[in-house]
Amino acid sequence: MVSGLVRQFRLNDGLEQTSNFYSEDQPVGTISYATRNVPSAFTLICAEPSRISVVSFEKERELCRRFPRFEKMCRLTTEQELIEFQNKFSKFLSASPEERYVSLMKERPDLIDRVPQYHLSSYLGMKPESLSRIRKRLANK
């Protein structure tokens, strides 16, 4: 992604569950589905005006065959993203809702002002009302 913000979500019983936000200089995609050639369970939507470079899965494979250094860069990037995802998921499972919000403020402070509260609350695994109470409690500290 060159600029902007993309939100990733999936529908669960008719409700959107936000699972990620991608911003400047982050690769965007649902690679597991591309490799199996099946539709993704996730939806990607621009949360603000965005400029994105798009490469099809076939074109990426061709580039990897033609340029081994590109393939290595893609593999290393994917490995790094997997490590980050596993760490984030582990923290998410053991953290309280307030700890999740505080962590978000430290790790992705840009999202606080760029994303509506109902999308942030979904991303943090809580109801918007809970996030509102947490924000109020933290502001009063």
# chains A, B, ... in the order shown; residues from 1 in each chain; ligands from 1
$ select_by_dssp --residues "chain A" --states "helix (DSSP H, G or I)" --output "PyMOL selection string"
chain A and resi 31-36+57-66+68-94+97-107+109-114+117-123+128-139
$ write_last_selection --atoms "C-alpha atoms" --output "mmCIF file, in the first residue's frame"
data_model
loop_
_atom_site.group_PDB
_atom_site.id
_atom_site.type_symbol
_atom_site.label_atom_id
_atom_site.label_comp_id
_atom_site.auth_asym_id
_atom_site.auth_seq_id
_atom_site.Cartn_x
_atom_site.Cartn_y
_atom_site.Cartn_z
ATOM 1 C CA ILE A 31 -2.547 -14.905 0.614
ATOM 2 C CA SER A 32 -3.848 -18.198 1.979
ATOM 3 C CA TYR A 33 -6.869 -17.947 -0.282
ATOM 4 C CA ALA A 34 -4.867 -16.937 -3.340
ATOM 5 C CA THR A 35 -2.647 -19.991 -3.012
ATOM 6 C CA ARG A 36 -5.677 -22.306 -2.886
ATOM 7 C CA PHE A 57 -1.151 -13.866 -7.716
ATOM 8 C CA GLU A 58 -0.093 -15.130 -11.161
ATOM 9 C CA LYS A 59 2.080 -12.060 -11.763
ATOM 10 C CA GLU A 60 3.702 -12.455 -8.356
ATOM 11 C CA ARG A 61 4.538 -16.087 -9.131
ATOM 12 C CA GLU A 62 6.029 -15.047 -12.461
ATOM 13 C CA LEU A 63 8.148 -12.373 -10.777
ATOM 14 C CA CYS A 64 9.355 -14.920 -8.222
ATOM 15 C CA ARG A 65 10.417 -17.312 -10.993
ATOM 16 C CA ARG A 66 12.211 -14.578 -12.936
ATOM 17 C CA PRO A 68 14.936 -15.174 -7.144
ATOM 18 C CA ARG A 69 15.809 -12.184 -4.933
ATOM 19 C CA PHE A 70 12.194 -11.003 -5.216
ATOM 20 C CA GLU A 71 11.001 -14.464 -4.163
ATOM 21 C CA LYS A 72 13.331 -14.361 -1.163
ATOM 22 C CA MET A 73 12.088 -10.887 -0.200
ATOM 23 C CA CYS A 74 8.456 -12.073 -0.425
ATOM 24 C CA ARG A 75 9.205 -15.158 1.665
ATOM 25 C CA LEU A 76 11.031 -13.185 4.348
ATOM 26 C CA THR A 77 8.228 -10.616 4.464
ATOM 27 C CA THR A 78 5.638 -13.377 4.827
ATOM 28 C CA GLU A 79 7.662 -15.037 7.580
ATOM 29 C CA GLN A 80 7.950 -11.733 9.449
ATOM 30 C CA GLU A 81 4.210 -11.116 9.123
ATOM 31 C CA LEU A 82 3.473 -14.604 10.462
ATOM 32 C CA ILE A 83 5.720 -14.027 13.479
ATOM 33 C CA GLU A 84 4.039 -10.679 14.158
ATOM 34 C CA PHE A 85 0.574 -12.211 13.760
ATOM 35 C CA GLN A 86 1.367 -15.062 16.169
ATOM 36 C CA ASN A 87 2.720 -12.625 18.769
ATOM 37 C CA LYS A 88 -0.272 -10.308 18.346
ATOM 38 C CA PHE A 89 -2.747 -13.183 18.610
ATOM 39 C CA SER A 90 -1.065 -14.579 21.722
ATOM 40 C CA LYS A 91 -1.182 -11.153 23.400
ATOM 41 C CA PHE A 92 -4.806 -10.690 22.335
ATOM 42 C CA LEU A 93 -5.886 -13.943 23.970
ATOM 43 C CA SER A 94 -4.276 -13.184 27.310
ATOM 44 C CA PRO A 97 -10.022 -5.377 26.827
ATOM 45 C CA GLU A 98 -8.343 -2.368 28.447
ATOM 46 C CA GLU A 99 -4.886 -3.870 27.921
ATOM 47 C CA ARG A 100 -5.764 -4.448 24.236
ATOM 48 C CA TYR A 101 -6.723 -0.797 23.829
ATOM 49 C CA VAL A 102 -3.606 0.464 25.632
ATOM 50 C CA SER A 103 -1.479 -1.805 23.444
ATOM 51 C CA LEU A 104 -3.188 -0.430 20.328
ATOM 52 C CA MET A 105 -2.468 3.133 21.487
ATOM 53 C CA LYS A 106 1.233 2.239 21.787
ATOM 54 C CA GLU A 107 1.638 0.069 18.679
ATOM 55 C CA PRO A 109 -1.583 5.225 17.572
ATOM 56 C CA ASP A 110 -2.473 6.417 14.065
ATOM 57 C CA LEU A 111 -5.555 4.176 14.100
ATOM 58 C CA ILE A 112 -7.120 5.952 17.082
ATOM 59 C CA ASP A 113 -7.923 9.056 15.008
ATOM 60 C CA ARG A 114 -8.280 7.380 11.603
ATOM 61 C CA GLN A 117 -14.834 3.691 17.250
ATOM 62 C CA TYR A 118 -17.182 0.878 16.184
ATOM 63 C CA HIS A 119 -14.489 -0.548 13.873
ATOM 64 C CA LEU A 120 -11.835 -0.200 16.577
ATOM 65 C CA SER A 121 -14.046 -1.944 19.116
ATOM 66 C CA SER A 122 -14.667 -4.820 16.678
ATOM 67 C CA TYR A 123 -10.911 -5.101 16.056
ATOM 68 C CA PRO A 128 -18.442 -0.004 21.202
ATOM 69 C CA GLU A 129 -19.934 0.812 24.620
ATOM 70 C CA SER A 130 -17.113 -1.051 26.362
ATOM 71 C CA LEU A 131 -14.498 0.825 24.364
ATOM 72 C CA SER A 132 -16.193 4.089 25.219
ATOM 73 C CA ARG A 133 -16.058 3.256 28.964
ATOM 74 C CA ILE A 134 -12.379 2.266 28.694
ATOM 75 C CA ARG A 135 -11.494 5.485 26.851
ATOM 76 C CA LYS A 136 -13.362 7.553 29.458
ATOM 77 C CA ARG A 137 -11.665 5.718 32.346
ATOM 78 C CA LEU A 138 -8.202 6.216 30.801
ATOM 79 C CA ALA A 139 -8.891 9.900 30.114
#
$ closest_residue --among "A:Gln8, A:Asp13, A:Arg108, A:Ser96" --to "A:Met126" --atoms "only C-alpha atoms"
A:Ser96
$ select_by_dssp --residues "chain A" --states "strand (DSSP E)" --output "ChimeraX atom specification"
/A:3-12,15-23,43-51
$ residues_around --residues "A:Val2" --least-positions-apart "2" --cutoff "12 Å" --atoms "only C-alpha atoms" --output "list of chain:residue names"
A:Gly4, A:Leu5, A:Val6, A:Tyr22, A:Ser23, A:Glu24, A:Asp25, A:Gln26, A:Pro27, A:Val28, A:Pro49, A:Ser50, A:Arg51, A:Ile52, A:Ser53, A:Val54
$ closest_residue --among "A:Asn37, A:Gly29, A:Arg10, A:Lys141" --to "A:Val55" --atoms "only C-alpha atoms"
A:Gly29
